[in-house]
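Working notes for the structure below.
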Amino acid sequence: MKTILWILITLLSIGSLTAGPKDQNEIQNIPLYSLDLERKTLYQELSQIPDEDLVILNFTSSDCPPCKEEVPNLLEYSKKWNGSHPKRKLHLWIIFVGDDPSSVSKLANELGIIKQASLYFDSLQTSMRILEFPGTPTTMVVQKKKIIFKEYGYTQENWSKMISVLENRR
């Protein structure tokens with residue numbers, strides 16, 4: 001009986017070690033919804049991006065004051081990057097966590113981001129649970145499925161770290 005129990009525990013342990021992304025730096029797949037209410041997935045959207053391009057995933061919310069500070073800076077930086085770096089594009093995806101399409105549209109209009117970034121929403125906050133981040137703003141930079149930068153909170157230190165990582169990828 002003890003042998004059978006030991007075998008079961010061993011098999012369960014091995015199974016838990018192999019679950020999830022193979023690489024700790026690989027981002028997990030999450031559901032996303034576009035403003036036209038189309039369900040997408042992160043992997044589906046990333047598969048459309050050329051391998052050499054970078055994607056900033058900015059998890060934000062309409063009731064987050066630091067987010068409203070960070071988003072305009074992200075827009076300005078991505079515009080500057082794309083204007084001066086024709087071979088490697090920087091994509092900006094803003095994902096509203098805990099918001100619905102109307103609150104997303106309202107804030108996107110206020111901040112003038114409708115055509116400058118890809119907008120998604122996650123009303124059920126699934127991304128927070130799957131990607132294990134504590135709240136907004138959280139910013140990640142990915143290349144294909146690899147996370148090359150991840151920070152929670154909008155501070156000068158976090159901003160400088162992200163810019164340094166990006167500039168080293170030029």
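Simple scheme: letters A, B, ... for chains in structure tokens order, numbers from 1 for residues in each chain, numbers from 1 for ligands in the order shown.
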(message) Quick one: residues within 8 Å of Leu42 (chain A), only C-alpha atoms, excluding same-chain residues fewer than 4 positions away - as an MDAnalysis selection string?
(response) chainID A and resid 29:32 46
(message) Neighbouring residues of Ile148 (chain A) were defined as those with any atom within 8 Å, considering only C-alpha atoms; residues of the same chain fewer than 5 positions away were excluded. Please report them as a PyMOL selection string.
(response) chain A and resi 25+140-143+165
(message) According to DSSP computed on the backbone, where in chain A is there alpha helix (DSSP H)? Give the residues as a PyMOL selection string.
(response) chain A and resi 2-18+42-46+65-84+101-111+126-131+156-167
Please report, as a tab-separated table, each residue of region 99-140 of chain A lying at most 9 Å from region 50-71 of chain A, together with the nearest pair of atoms and the separation in Å rounded to one decimal; use only C-alpha atoms, and order rows by chain and ascending residue number.
```
residue	atom	partner	partner_atom	distance
A:Asp99	CA	A:Ser61	CA	6.5
A:Ser103	CA	A:Ser62	CA	6.7
A:Val104	CA	A:Ser62	CA	6.9
A:Lys106	CA	A:Ser62	CA	8.8
A:Leu107	CA	A:Ser62	CA	6.3
A:Leu111	CA	A:Lys68	CA	7.8
A:Ile113	CA	A:Val71	CA	8.5
A:Ser127	CA	A:Phe59	CA	8.7
A:Met128	CA	A:Phe59	CA	8.9
A:Gly135	CA	A:Phe59	CA	8.2
A:Thr136	CA	A:Thr60	CA	5.1
A:Pro137	CA	A:Thr60	CA	4.9
A:Thr138	CA	A:Phe59	CA	5.1
A:Thr139	CA	A:Asn58	CA	4.5
A:Met140	CA	A:Leu57	CA	5.1
```
(request) Tell me which of A:Tyr33, A:Trp159, A:Trp93, A:Trp81 sits closest to Ser118 (chain A), counting only C-alpha atoms. (result) A:Trp93
(request) Write down as an MDAnalysis selection string the residues of region 113-170 of chain A whose backbone DSSP state falls under strand (DSSP E or B). (result) chainID A and resid 118:122 138:143 146:152
Deliver the residues from the most recent selection as a file, using N, CA, C and O atoms, as an mmCIF file, in the first residue's frame.
```cif
data_model
loop_
_atom_site.group_PDB
_atom_site.id
_atom_site.type_symbol
_atom_site.label_atom_id
_atom_site.label_comp_id
_atom_site.auth_asym_id
_atom_site.auth_seq_id
_atom_site.Cartn_x
_atom_site.Cartn_y
_atom_site.Cartn_z
ATOM 1 N N SER A 118 -3.252 49.083 -29.690
ATOM 2 C CA SER A 118 -4.282 48.053 -29.733
ATOM 3 C C SER A 118 -4.936 48.005 -28.360
ATOM 4 O O SER A 118 -4.244 47.950 -27.341
ATOM 5 N N LEU A 119 -6.251 48.056 -28.339
ATOM 6 C CA LEU A 119 -6.998 48.098 -27.074
ATOM 7 C C LEU A 119 -7.759 46.789 -26.861
ATOM 8 O O LEU A 119 -8.417 46.287 -27.767
ATOM 9 N N TYR A 120 -7.647 46.282 -25.647
ATOM 10 C CA TYR A 120 -8.351 45.073 -25.251
ATOM 11 C C TYR A 120 -8.918 45.303 -23.856
ATOM 12 O O TYR A 120 -8.505 46.211 -23.151
ATOM 13 N N PHE A 121 -9.849 44.435 -23.461
ATOM 14 C CA PHE A 121 -10.333 44.503 -22.089
ATOM 15 C C PHE A 121 -10.481 43.095 -21.529
ATOM 16 O O PHE A 121 -10.610 42.121 -22.266
ATOM 17 N N ASP A 122 -10.403 43.019 -20.213
ATOM 18 C CA ASP A 122 -10.475 41.781 -19.457
ATOM 19 C C ASP A 122 -11.379 42.056 -18.252
ATOM 20 O O ASP A 122 -10.904 42.329 -17.163
ATOM 21 N N THR A 138 0.519 47.276 -14.538
ATOM 22 C CA THR A 138 1.578 46.289 -14.701
ATOM 23 C C THR A 138 1.978 46.338 -16.158
ATOM 24 O O THR A 138 1.120 46.345 -17.041
ATOM 25 N N THR A 139 3.268 46.394 -16.401
ATOM 26 C CA THR A 139 3.764 46.493 -17.765
ATOM 27 C C THR A 139 4.741 45.366 -18.035
ATOM 28 O O THR A 139 5.611 45.078 -17.214
ATOM 29 N N MET A 140 4.552 44.733 -19.189
ATOM 30 C CA MET A 140 5.449 43.667 -19.638
ATOM 31 C C MET A 140 5.891 43.989 -21.050
ATOM 32 O O MET A 140 5.126 44.555 -21.832
ATOM 33 N N VAL A 141 7.108 43.604 -21.355
ATOM 34 C CA VAL A 141 7.590 43.675 -22.732
ATOM 35 C C VAL A 141 7.861 42.242 -23.142
ATOM 36 O O VAL A 141 8.542 41.495 -22.429
ATOM 37 N N VAL A 142 7.290 41.850 -24.286
ATOM 38 C CA VAL A 142 7.475 40.487 -24.776
ATOM 39 C C VAL A 142 7.976 40.511 -26.216
ATOM 40 O O VAL A 142 7.703 41.452 -26.972
ATOM 41 N N GLN A 143 8.713 39.472 -26.538
ATOM 42 C CA GLN A 143 9.112 39.229 -27.917
ATOM 43 C C GLN A 143 8.683 37.806 -28.203
ATOM 44 O O GLN A 143 9.164 36.871 -27.558
ATOM 45 N N LYS A 146 8.193 35.335 -25.158
ATOM 46 C CA LYS A 146 9.191 35.491 -24.094
ATOM 47 C C LYS A 146 9.034 36.836 -23.398
ATOM 48 O O LYS A 146 9.007 37.881 -24.041
ATOM 49 N N ILE A 147 8.960 36.812 -22.075
ATOM 50 C CA ILE A 147 8.908 38.036 -21.279
ATOM 51 C C ILE A 147 10.337 38.542 -21.117
ATOM 52 O O ILE A 147 11.188 37.832 -20.586
ATOM 53 N N ILE A 148 10.578 39.767 -21.582
ATOM 54 C CA ILE A 148 11.918 40.337 -21.417
ATOM 55 C C ILE A 148 11.928 41.459 -20.375
ATOM 56 O O ILE A 148 12.991 41.917 -19.983
ATOM 57 N N PHE A 149 10.740 41.861 -19.929
ATOM 58 C CA PHE A 149 10.624 42.872 -18.874
ATOM 59 C C PHE A 149 9.252 42.735 -18.239
ATOM 60 O O PHE A 149 8.260 42.509 -18.927
ATOM 61 N N LYS A 150 9.196 42.894 -16.908
ATOM 62 C CA LYS A 150 7.904 42.863 -16.197
ATOM 63 C C LYS A 150 8.050 43.660 -14.913
ATOM 64 O O LYS A 150 8.952 43.394 -14.121
ATOM 65 N N GLU A 151 7.192 44.650 -14.728
ATOM 66 C CA GLU A 151 7.187 45.448 -13.494
ATOM 67 C C GLU A 151 5.761 45.832 -13.141
ATOM 68 O O GLU A 151 4.935 46.093 -14.004
ATOM 69 N N TYR A 152 5.505 45.897 -11.845
ATOM 70 C CA TYR A 152 4.222 46.359 -11.322
ATOM 71 C C TYR A 152 4.413 47.768 -10.770
ATOM 72 O O TYR A 152 5.373 48.040 -10.066
#
```
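When the distance limit is 10 Å and only C-alpha atoms are what count, the residues near Gln116 (chain A), minus those fewer than 6 positions from it on the same chain, are Leu75, Glu76, Ser78, Lys79, His91, Leu92, Trp93 and Ala108 of chain A.
Take CA of Ser34 (chain A) and CA of Pro101 (chain A): the distance between them is 8.3 Å.
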(message) What's around Ser123 (chain A) at 6 Å? Count only C-alpha atoms, leave out sequence neighbours fewer than 6 positions away in its own chain, and write the answer as a ChimeraX atom specification.
(response) /A:97-100
Output the selection as a PDB file, in the first residue's frame - N, CA and C atoms for each residue.
```pdb
ATOM      1  N   VAL A  97      -8.099  46.033 -17.340  1.00  0.00           N
ATOM      2  CA  VAL A  97      -8.448  44.953 -16.419  1.00  0.00           C
ATOM      3  C   VAL A  97      -9.600  45.409 -15.531  1.00  0.00           C
ATOM      4  N   GLY A  98     -10.683  44.618 -15.513  1.00  0.00           N
ATOM      5  CA  GLY A  98     -11.831  44.940 -14.678  1.00  0.00           C
ATOM      6  C   GLY A  98     -12.761  45.977 -15.285  1.00  0.00           C
ATOM      7  N   ASP A  99     -12.526  46.345 -16.529  1.00  0.00           N
ATOM      8  CA  ASP A  99     -13.353  47.346 -17.210  1.00  0.00           C
ATOM      9  C   ASP A  99     -14.261  46.681 -18.236  1.00  0.00           C
ATOM     10  N   ASP A 100     -15.297  47.396 -18.614  1.00  0.00           N
ATOM     11  CA  ASP A 100     -16.178  46.932 -19.683  1.00  0.00           C
ATOM     12  C   ASP A 100     -15.928  47.802 -20.922  1.00  0.00           C
TER      13      ASP A 100
END
```
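Coordinates place CA of Gly153 (chain A) at a distance of 15.1 Å from CA of Pro72 (chain A).
Atom pair CA of Ser105 (chain A) / CA of Leu35 (chain A) has a distance of 7.6 Å (rounded to one decimal).
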